[in-house]
file target.txt (compact mmCIF, C-alpha atoms)
# COMPACT_ATOMS: atom_id res chain seq x y z
CA MET A 1 18.52 48.11 -24.29
CA GLU A 2 19.83 45.55 -21.85
CA LEU A 3 17.17 43.60 -20.00
CA THR A 4 16.95 40.49 -17.91
CA VAL A 5 14.10 38.33 -19.17
CA ASN A 6 13.30 35.11 -17.33
CA GLY A 7 16.73 35.24 -15.77
CA GLU A 8 18.60 35.63 -19.08
CA SER A 9 20.43 38.77 -20.18
CA VAL A 10 19.09 40.01 -23.50
CA HIS A 11 19.79 43.00 -25.72
CA LEU A 12 16.69 44.27 -27.48
CA THR A 13 15.88 47.21 -29.69
CA ASP A 14 12.45 48.60 -30.55
CA VAL A 15 10.88 47.23 -27.39
CA LYS A 16 9.13 49.94 -25.42
CA THR A 17 6.30 48.17 -23.58
CA VAL A 18 5.50 44.80 -22.06
CA GLY A 19 3.27 44.17 -25.06
CA ASP A 20 6.24 44.79 -27.38
CA LEU A 21 8.33 42.36 -25.36
CA LEU A 22 5.72 39.61 -25.61
CA ASP A 23 5.45 40.19 -29.34
CA HIS A 24 9.23 40.12 -29.71
CA PHE A 25 9.38 36.65 -28.20
CA GLY A 26 6.20 35.50 -29.92
CA VAL A 27 4.39 34.87 -26.63
CA SER A 28 0.61 34.98 -26.65
CA HIS A 29 -0.88 37.72 -24.48
CA GLN A 30 -3.51 35.30 -23.21
CA THR A 31 -3.33 33.23 -20.00
CA ILE A 32 0.14 34.46 -19.09
CA ALA A 33 1.38 36.74 -16.36
CA VAL A 34 4.21 39.27 -16.39
CA VAL A 35 6.30 40.44 -13.47
CA ALA A 36 8.35 43.61 -13.92
CA ASN A 37 10.99 44.23 -11.24
CA GLY A 38 8.97 42.18 -8.78
CA THR A 39 5.62 43.82 -9.54
CA ILE A 40 2.83 41.99 -11.37
CA VAL A 41 1.74 43.85 -14.48
CA ALA A 42 -2.04 43.97 -14.91
CA ARG A 43 -3.24 42.28 -18.09
CA ASP A 44 -4.94 45.41 -19.40
CA ALA A 45 -1.67 47.36 -18.92
CA PHE A 46 0.54 45.19 -21.17
CA GLU A 47 0.27 47.56 -24.13
CA HIS A 48 1.34 50.68 -22.29
CA TYR A 49 3.48 49.42 -19.39
CA ALA A 50 6.88 50.96 -20.18
CA ILE A 51 10.07 48.92 -20.10
CA HIS A 52 13.33 50.57 -19.11
CA PRO A 53 16.98 49.52 -19.46
CA LYS A 54 18.14 47.07 -16.76
CA ASP A 55 14.56 45.99 -16.00
CA ALA A 56 14.10 42.40 -14.83
CA ILE A 57 11.05 40.88 -16.47
CA ASP A 58 9.51 37.46 -15.87
CA ILE A 59 7.01 36.01 -18.30
CA ILE A 60 5.02 33.22 -16.67
CA ARG A 61 2.71 30.60 -18.14
CA PHE A 62 0.87 27.49 -17.06
CA VAL A 63 2.68 24.17 -17.34
CA GLY A 64 1.87 20.63 -16.30
CA GLY A 65 1.83 20.08 -12.56
CA GLY A 66 0.10 18.23 -9.79
CA MET B 1 -20.72 -6.08 -19.60
CA THR B 2 -21.20 -2.56 -18.37
CA PHE B 3 -21.59 -1.65 -14.72
CA THR B 4 -23.63 1.40 -13.98
CA PHE B 5 -23.77 3.42 -10.80
CA PRO B 6 -26.02 6.25 -9.78
CA ASP B 7 -24.35 9.63 -10.17
CA MET B 8 -22.53 10.87 -7.11
CA PRO B 9 -23.88 14.13 -5.74
CA ALA B 10 -21.92 17.15 -6.96
CA LEU B 11 -19.14 18.29 -4.65
CA ALA B 12 -19.18 21.98 -3.67
CA ILE B 13 -15.86 23.73 -3.01
CA GLY B 14 -16.45 27.42 -2.38
CA PRO B 15 -18.53 28.68 -5.29
CA TYR B 16 -17.48 25.77 -7.54
CA ARG B 17 -19.35 22.52 -8.18
CA PHE B 18 -17.70 19.33 -9.37
CA GLN B 19 -19.49 16.25 -10.65
CA SER B 20 -16.40 14.06 -10.59
CA ARG B 21 -14.65 13.34 -7.30
CA LEU B 22 -11.45 12.46 -9.08
CA PHE B 23 -9.22 15.50 -9.52
CA VAL B 24 -6.24 14.99 -11.81
CA GLY B 25 -2.82 16.59 -12.12
CA THR B 26 -1.17 17.37 -15.46
CA GLY B 27 2.50 16.78 -14.67
CA LYS B 28 4.82 14.05 -15.97
CA TYR B 29 2.83 12.88 -19.01
CA ALA B 30 4.91 11.66 -21.94
CA THR B 31 2.86 13.74 -24.38
CA TRP B 32 -0.02 16.15 -24.24
CA ASP B 33 -2.12 13.89 -26.43
CA LEU B 34 -1.69 11.13 -23.85
CA MET B 35 -2.56 13.57 -21.06
CA ARG B 36 -5.72 14.67 -22.81
CA ASP B 37 -6.80 11.07 -23.41
CA ALA B 38 -6.15 10.23 -19.75
CA LEU B 39 -8.08 13.28 -18.54
CA LEU B 40 -11.00 12.30 -20.76
CA ALA B 41 -10.90 8.70 -19.51
CA SER B 42 -10.85 9.91 -15.91
CA ALA B 43 -14.00 12.02 -16.50
CA THR B 44 -12.48 14.63 -14.21
CA ASP B 45 -13.71 18.19 -14.18
CA LEU B 46 -10.90 19.70 -12.09
CA VAL B 47 -7.27 19.61 -13.20
CA THR B 48 -4.19 21.09 -11.59
CA VAL B 49 -1.47 23.06 -13.36
CA ALA B 50 1.71 24.81 -12.24
CA LEU B 51 3.13 28.22 -13.12
CA ARG B 52 6.63 28.55 -14.51
CA ARG B 53 8.70 30.89 -16.65
CA VAL B 54 8.17 30.73 -20.41
CA ASP B 55 11.04 28.93 -22.15
CA LEU B 56 12.43 31.72 -24.30
CA ASN B 57 13.95 29.15 -26.66
CA HIS B 58 10.43 27.88 -27.40
CA PRO B 59 8.22 30.86 -26.55
CA ASP B 60 5.49 30.10 -29.07
CA GLU B 61 4.86 26.46 -28.18
CA PRO B 62 1.20 25.68 -27.56
CA THR B 63 -0.05 26.20 -24.05
CA ILE B 64 -1.05 23.28 -21.87
CA LEU B 65 -4.45 24.85 -21.47
CA ASP B 66 -5.15 23.90 -25.10
CA ALA B 67 -4.63 20.22 -24.23
CA ILE B 68 -7.06 20.20 -21.29
CA PRO B 69 -10.56 19.04 -22.26
CA PRO B 70 -13.21 21.74 -22.36
CA GLY B 71 -15.39 21.86 -19.28
CA CYS B 72 -12.54 21.24 -16.86
CA THR B 73 -11.91 23.86 -14.21
CA ILE B 74 -8.25 24.84 -13.92
CA LEU B 75 -6.68 24.61 -10.47
CA PRO B 76 -3.30 26.38 -10.40
CA ASN B 77 -0.93 25.21 -7.69
CA THR B 78 1.84 26.90 -5.75
CA ALA B 79 4.13 23.89 -6.03
CA GLY B 80 7.77 24.72 -5.43
CA CYS B 81 7.06 27.49 -2.92
CA TYR B 82 8.90 27.29 0.39
CA SER B 83 7.36 30.26 2.18
CA ALA B 84 3.95 31.86 2.59
CA GLU B 85 5.22 34.94 0.74
CA GLU B 86 6.31 32.92 -2.30
CA ALA B 87 3.04 31.01 -2.41
CA ILE B 88 1.00 34.20 -2.16
CA GLN B 89 3.02 35.74 -5.00
CA VAL B 90 2.39 32.68 -7.20
CA ALA B 91 -1.32 32.83 -6.32
CA HIS B 92 -1.31 36.45 -7.44
CA LEU B 93 0.37 35.41 -10.71
CA ALA B 94 -2.29 32.75 -11.27
CA ARG B 95 -5.03 35.31 -10.75
CA ALA B 96 -3.22 37.83 -12.95
CA SER B 97 -3.17 35.30 -15.77
CA GLY B 98 -6.91 35.62 -15.90
CA ILE B 99 -8.28 32.22 -14.91
CA GLY B 100 -9.95 33.09 -11.65
CA ASN B 101 -9.54 32.91 -7.90
CA LEU B 102 -9.13 29.17 -7.36
CA ILE B 103 -5.75 28.12 -5.92
CA LYS B 104 -4.20 24.92 -4.66
CA LEU B 105 -2.00 26.18 -1.88
CA GLU B 106 1.26 24.36 -1.23
CA VAL B 107 3.88 25.74 1.14
CA ILE B 108 6.62 23.15 1.28
CA GLY B 109 8.93 22.69 4.24
CA ASP B 110 11.29 19.96 3.07
CA ARG B 111 12.75 19.18 -0.34
CA ASP B 112 13.14 15.44 0.13
CA LEU B 113 9.70 14.71 1.52
CA LEU B 114 7.89 17.69 -0.03
CA TRP B 115 6.22 17.80 3.36
CA PRO B 116 4.05 20.87 3.87
CA ASP B 117 5.22 23.56 6.28
CA PRO B 118 2.29 23.86 8.70
CA ILE B 119 3.09 27.38 9.92
CA GLY B 120 3.59 28.88 6.46
CA THR B 121 0.58 26.98 5.12
CA LEU B 122 -1.73 28.34 7.83
CA ASP B 123 -0.40 31.88 7.39
CA ALA B 124 -0.82 31.80 3.60
CA THR B 125 -4.29 30.27 3.89
CA ARG B 126 -5.49 33.08 6.12
CA ARG B 127 -4.07 35.78 3.85
CA LEU B 128 -5.29 34.30 0.55
CA VAL B 129 -8.79 33.74 1.93
CA ASN B 130 -8.84 37.38 3.01
CA GLU B 131 -7.91 38.35 -0.54
CA GLY B 132 -10.91 36.50 -1.94
CA PHE B 133 -9.24 33.33 -3.19
CA THR B 134 -10.94 29.95 -3.06
CA VAL B 135 -8.20 28.06 -1.24
CA MET B 136 -7.70 24.30 -1.49
CA VAL B 137 -4.89 23.65 0.92
CA TYR B 138 -2.33 20.84 0.83
CA THR B 139 -1.51 19.73 4.36
CA ALA B 140 -0.05 16.96 6.45
CA PRO B 141 -2.76 14.54 7.63
CA ASP B 142 -3.08 16.30 11.00
CA PRO B 143 -6.62 16.62 12.40
CA ILE B 144 -5.76 19.58 14.63
CA LEU B 145 -4.08 21.48 11.83
CA ALA B 146 -7.12 20.74 9.68
CA ASP B 147 -9.23 22.50 12.33
CA HIS B 148 -6.97 25.53 12.19
CA LEU B 149 -7.00 25.61 8.38
CA GLN B 150 -10.78 25.46 8.34
CA ALA B 151 -10.95 28.25 10.92
CA ALA B 152 -8.62 30.27 8.68
CA GLY B 153 -11.22 29.96 5.93
CA ALA B 154 -9.82 27.16 3.76
CA HIS B 155 -12.42 25.93 1.27
CA ALA B 156 -11.02 22.39 1.08
CA ILE B 157 -8.54 20.48 3.24
CA MET B 158 -6.15 18.32 1.21
CA PRO B 159 -4.24 15.90 3.43
CA LEU B 160 -1.46 13.87 1.88
CA GLY B 161 -1.79 10.10 1.93
CA SER B 162 2.00 9.69 1.65
CA PRO B 163 4.74 11.82 0.08
CA ILE B 164 4.00 13.43 -3.31
CA GLY B 165 4.81 11.15 -6.22
CA SER B 166 5.78 8.25 -3.95
CA GLY B 167 2.89 5.92 -4.77
CA GLN B 168 2.97 4.61 -1.21
CA GLY B 169 -0.79 4.99 -0.88
CA VAL B 170 -2.71 6.18 2.18
CA LEU B 171 -0.35 5.24 4.97
CA ASP B 172 -2.81 5.96 7.78
CA ALA B 173 -6.42 6.04 6.62
CA ARG B 174 -7.49 6.70 10.21
CA GLN B 175 -6.06 10.20 9.94
CA ILE B 176 -8.23 10.87 6.90
CA ALA B 177 -11.26 9.62 8.84
CA ARG B 178 -10.34 11.79 11.83
CA ILE B 179 -10.00 14.89 9.65
CA LYS B 180 -13.31 14.16 7.94
CA ALA B 181 -14.98 13.84 11.34
CA ARG B 182 -13.70 17.23 12.45
CA VAL B 183 -14.16 19.59 9.50
CA LYS B 184 -17.19 20.64 7.50
CA VAL B 185 -15.35 21.68 4.33
CA PRO B 186 -14.51 19.01 1.75
CA VAL B 187 -11.55 16.72 2.40
CA VAL B 188 -9.46 15.78 -0.64
CA VAL B 189 -6.66 13.23 -0.33
CA ASP B 190 -3.99 14.90 -2.36
CA ALA B 191 -0.76 12.96 -2.59
CA GLY B 192 0.73 9.51 -2.56
CA ILE B 193 -2.06 7.51 -4.15
CA GLY B 194 -0.44 4.80 -6.25
CA SER B 195 -3.17 2.36 -7.21
CA PRO B 196 -6.94 2.20 -7.59
CA ALA B 197 -7.06 0.35 -4.25
CA ASP B 198 -5.48 3.40 -2.60
CA ALA B 199 -8.04 5.71 -4.17
CA ALA B 200 -10.92 3.54 -3.03
CA MET B 201 -9.43 3.34 0.46
CA ALA B 202 -9.18 7.13 0.66
CA MET B 203 -12.81 7.50 -0.36
CA GLU B 204 -13.95 4.79 2.06
CA ALA B 205 -12.05 6.56 4.84
CA GLY B 206 -14.18 9.63 4.22
CA ALA B 207 -12.44 11.69 1.58
CA ASP B 208 -14.87 13.71 -0.49
CA ALA B 209 -12.50 13.47 -3.46
CA VAL B 210 -8.97 12.47 -4.38
CA LEU B 211 -6.33 14.25 -6.42
CA ILE B 212 -4.07 12.01 -8.49
CA ASN B 213 -1.21 12.82 -10.82
CA THR B 214 1.79 10.50 -10.90
CA ALA B 215 -0.20 7.28 -10.45
CA ILE B 216 -1.97 7.99 -13.73
CA ALA B 217 0.79 9.79 -15.64
CA LYS B 218 3.44 7.18 -14.83
CA ALA B 219 1.30 4.07 -15.22
CA SER B 220 2.30 1.81 -18.09
CA ASN B 221 -1.03 2.71 -19.64
CA PRO B 222 -2.19 6.08 -18.31
CA VAL B 223 -5.54 5.99 -20.08
CA GLU B 224 -6.47 2.59 -18.64
CA MET B 225 -5.26 3.71 -15.20
CA ALA B 226 -7.33 6.89 -15.42
CA ARG B 227 -10.39 4.77 -16.14
CA ALA B 228 -9.55 2.42 -13.26
CA MET B 229 -9.08 5.33 -10.87
CA ARG B 230 -12.44 6.71 -11.93
CA ALA B 231 -14.10 3.39 -11.11
CA ALA B 232 -12.20 3.13 -7.80
CA VAL B 233 -13.35 6.56 -6.67
CA VAL B 234 -16.95 5.69 -7.48
CA ALA B 235 -16.62 2.31 -5.72
CA GLY B 236 -15.07 3.90 -2.65
CA TYR B 237 -17.71 6.60 -2.50
CA TRP B 238 -20.66 4.20 -2.74
CA GLY B 239 -18.92 1.69 -0.49
CA ARG B 240 -18.76 4.29 2.26
CA GLN B 241 -22.37 5.31 1.65
CA ALA B 242 -23.39 1.67 1.93
CA GLY B 243 -21.91 1.40 5.43
CA PRO B 244 -19.17 -1.23 5.63
CA MET B 245 -19.61 -4.03 8.17
CA PRO B 246 -17.81 -3.67 11.49
CA ARG B 247 -14.43 -5.40 11.68
CA ARG B 248 -13.84 -8.17 14.19
CA ASP B 249 -10.82 -10.06 15.38
CA ASP B 250 -12.10 -13.60 14.99
CA ALA B 251 -13.81 -15.38 12.15
CA SER B 252 -17.57 -15.52 11.84
CA PRO B 253 -18.81 -18.33 9.59
CA SER B 254 -20.83 -17.31 6.58
CA SER B 255 -22.46 -20.73 6.33
CA PRO B 256 -24.85 -22.00 9.03
CA GLU B 257 -23.23 -23.93 11.87
CA ALA B 258 -26.47 -25.79 12.55
CA GLY B 259 -27.61 -28.64 10.34
CA MET B 260 -24.21 -29.90 9.31
CA PRO B 261 -24.66 -33.26 7.49
CA HIS B 262 -22.92 -36.22 9.12
CA VAL B 263 -20.29 -37.35 6.68
CA LYS B 264 -17.52 -39.86 7.21
CA ALA B 265 -14.09 -38.42 6.61
call {"tool": "encode", "arguments": {"input": "target.txt", "output": "structure tokens"}}
result
Amino acid sequence: MELTVNGESVHLTDVKTVGDLLDHFGVSHQTIAVVANGTIVARDAFEHYAIHPKDAIDIIRFVGGG
Amino acid sequence: MTFTFPDMPALAIGPYRFQSRLFVGTGKYATWDLMRDALLASATDLVTVALRRVDLNHPDEPTILDAIPPGCTILPNTAGCYSAEEAIQVAHLARASGIGNLIKLEVIGDRDLLWPDPIGTLDATRRLVNEGFTVMVYTAPDPILADHLQAAGAHAIMPLGSPIGSGQGVLDARQIARIKARVKVPVVVDAGIGSPADAAMAMEAGADAVLINTAIAKASNPVEMARAMRAAVVAGYWGRQAGPMPRRDDASPSSPEAGMPHVKA
């Protein structure tokens, strides 16, 4: 399905949940946050939060900053 | 030769306790190894981080949290937010990432100066405090605004010394002293410190702590600078405790005026 992930258009198959998406990109499930269509996804919901075509997903992590 | 000082009393910010009064940012370091060495040399126990999108071209790179020494509390910031709504959303993201309720609130009003927007900052402070966050709030060095931020429930007031990353130092230390005289919550000078002298000046003016990033990260030797900043914060703290002498306009001789020997010039 077509998704927008971190502002980039991507075409993915076999991705049904936020957890699948993180695994697809090889992103650790720890100390990150996910926003789906503007709504923050609770950490304990990653594995069952369904992703739909055209969804806009942001995957956020900590970086250096002051 | 080693100088030793008595430990400074721990600084309480909301439910947190910090032994070091030097808080350190994690931006702009050449490498994470260098950052970790500088953080260790600073002896800090509170470090700031930012939140940004994962780079999907390098999604599995190690997280910065792995490079921060154990024992440090993580202080996520809302840097880059230009409205209360944006800052609140980023605070929610920080909490959702699972590292707690501590937030360094920045609501910026101007891209060139990175000057804080006082209206948005006050609004976001009130709302985040109501949501249970421990809010350390970046602000202009305005004593009246500091009053309002404290009344809104801010847990620490963080006046800038000069613009972020400018290294101009504390341009008006009297404003830091005025804020300290008005509020009960800790005062942390947050931006603009460029040298150890600036850090000591901020502490002497009454800051309970200082937050430094660029001055350490962009020093020629960040580890040595981190160590120097640590010493400066301690010197400034104990210098203030010791009660500096009053300033005067004219000279006052340190040697006795009486009993001068008669010598022929």
call {"tool": "closest_residue", "arguments": {"input": "target.txt", "among": "B:Met8, B:Ala30, B:Ala226, B:Leu56", "to": "chain A", "atoms": "all atoms listed in the file"}}
result
B:Leu56
call {"tool": "closest_residue", "arguments": {"input": "target.txt", "among": "A:Leu21, A:Val27, A:Ala42, A:Val10", "to": "Arg95 of chain B", "atoms": "all atoms listed in the file"}}
result
A:Ala42
call {"tool": "interface_residues", "arguments": {"input": "target.txt", "of": "chain B", "to": "chain A", "cutoff": "6 Å", "atoms": "only C-alpha atoms", "output": "ChimeraX atom specification"}}
result
/B:25-27,48-54,59-60,64,93,96-98,213
call {"tool": "atom_distance", "arguments": {"input": "target.txt", "atom1": "atom CA of Asp37 of chain B", "atom2": "atom CA of Ser20 of chain B"}}
result
16.3 Å
call {"tool": "closest_residue", "arguments": {"input": "target.txt", "among": "B:Gly167, B:Pro76, B:Gly100, B:Gly161", "to": "Pro15 of chain B", "atoms": "only C-alpha atoms"}}
result
B:Gly100
call {"tool": "atom_distance", "arguments": {"input": "target.txt", "atom1": "atom CA of Gly192 of chain B", "atom2": "atom CA of Phe3 of chain B"}}
result
27.8 Å
call {"tool": "atom_distance", "arguments": {"input": "target.txt", "atom1": "atom CA of His48 of chain A", "atom2": "atom CA of Val15 of chain A"}}
result
11.4 Å
call {"tool": "closest_residue", "arguments": {"input": "target.txt", "among": "B:Pro256, B:Gly153, B:Pro141, B:Gly14", "to": "Leu128 of chain B", "atoms": "all atoms listed in the file"}}
result
B:Gly153
call {"tool": "residues_near_point", "arguments": {"input": "target.txt", "point": "(-20.2, 6.5, -3.1)", "cutoff": "9 Å", "atoms": "only C-alpha atoms", "output": "PyMOL selection string"}}
result
chain B and resi 6-9+203-204+233-242
call {"tool": "residues_around", "arguments": {"input": "target.txt", "residues": "Val170 of chain B", "least_positions_apart": "5", "cutoff": "10 Å", "atoms": "all atoms listed in the file", "output": "JSON, numbers by chain"}}
result
{"B": [141, 159, 160, 161, 162, 163, 175, 176, 189, 190, 191, 192, 193, 194, 197, 198, 199, 201, 202, 205]}
call {"tool": "write_last_selection", "arguments": {"input": "target.txt", "atoms": "C-alpha atoms", "output": "mmCIF file, keeping the file's coordinate frame"}}
result
data_model
loop_
_atom_site.group_PDB
_atom_site.id
_atom_site.type_symbol
_atom_site.label_atom_id
_atom_site.label_comp_id
_atom_site.auth_asym_id
_atom_site.auth_seq_id
_atom_site.Cartn_x
_atom_site.Cartn_y
_atom_site.Cartn_z
ATOM 1 C CA PRO B 141 -2.760 14.540 7.630
ATOM 2 C CA PRO B 159 -4.240 15.900 3.430
ATOM 3 C CA LEU B 160 -1.460 13.870 1.880
ATOM 4 C CA GLY B 161 -1.790 10.100 1.930
ATOM 5 C CA SER B 162 2.000 9.690 1.650
ATOM 6 C CA PRO B 163 4.740 11.820 0.080
ATOM 7 C CA GLN B 175 -6.060 10.200 9.940
ATOM 8 C CA ILE B 176 -8.230 10.870 6.900
ATOM 9 C CA VAL B 189 -6.660 13.230 -0.330
ATOM 10 C CA ASP B 190 -3.990 14.900 -2.360
ATOM 11 C CA ALA B 191 -0.760 12.960 -2.590
ATOM 12 C CA GLY B 192 0.730 9.510 -2.560
ATOM 13 C CA ILE B 193 -2.060 7.510 -4.150
ATOM 14 C CA GLY B 194 -0.440 4.800 -6.250
ATOM 15 C CA ALA B 197 -7.060 0.350 -4.250
ATOM 16 C CA ASP B 198 -5.480 3.400 -2.600
ATOM 17 C CA ALA B 199 -8.040 5.710 -4.170
ATOM 18 C CA MET B 201 -9.430 3.340 0.460
ATOM 19 C CA ALA B 202 -9.180 7.130 0.660
ATOM 20 C CA ALA B 205 -12.050 6.560 4.840
#
call {"tool": "closest_residue", "arguments": {"input": "target.txt", "among": "A:Ala36, A:Asp44, A:Met1, A:Lys54", "to": "Lys16 of chain A", "atoms": "all atoms listed in the file"}}
result
A:Met1
call {"tool": "residues_near_point", "arguments": {"input": "target.txt", "point": "(10.2, 45.2, -22.4)", "cutoff": "8 Å", "atoms": "all atoms listed in the file", "output": "PyMOL selection string"}}
result
chain A and resi 3+15-22+50-52+55+57
call {"tool": "closest_residue", "arguments": {"input": "target.txt", "among": "B:Leu22, B:Ala124, B:Ile99, B:Leu145", "to": "Cys81 of chain B", "atoms": "only C-alpha atoms"}}
result
B:Ala124
call {"tool": "residues_around", "arguments": {"input": "target.txt", "residues": "Asp110 of chain B", "least_positions_apart": "6", "cutoff": "9 Å", "atoms": "only C-alpha atoms", "output": "mmCIF file with C-alpha atoms, in the coordinates of the input"}}
result
data_model
loop_
_atom_site.group_PDB
_atom_site.id
_atom_site.type_symbol
_atom_site.label_atom_id
_atom_site.label_comp_id
_atom_site.auth_asym_id
_atom_site.auth_seq_id
_atom_site.Cartn_x
_atom_site.Cartn_y
_atom_site.Cartn_z
ATOM 1 C CA TYR B 82 8.900 27.290 0.390
ATOM 2 C CA PRO B 116 4.050 20.870 3.870
ATOM 3 C CA ASP B 117 5.220 23.560 6.280
#
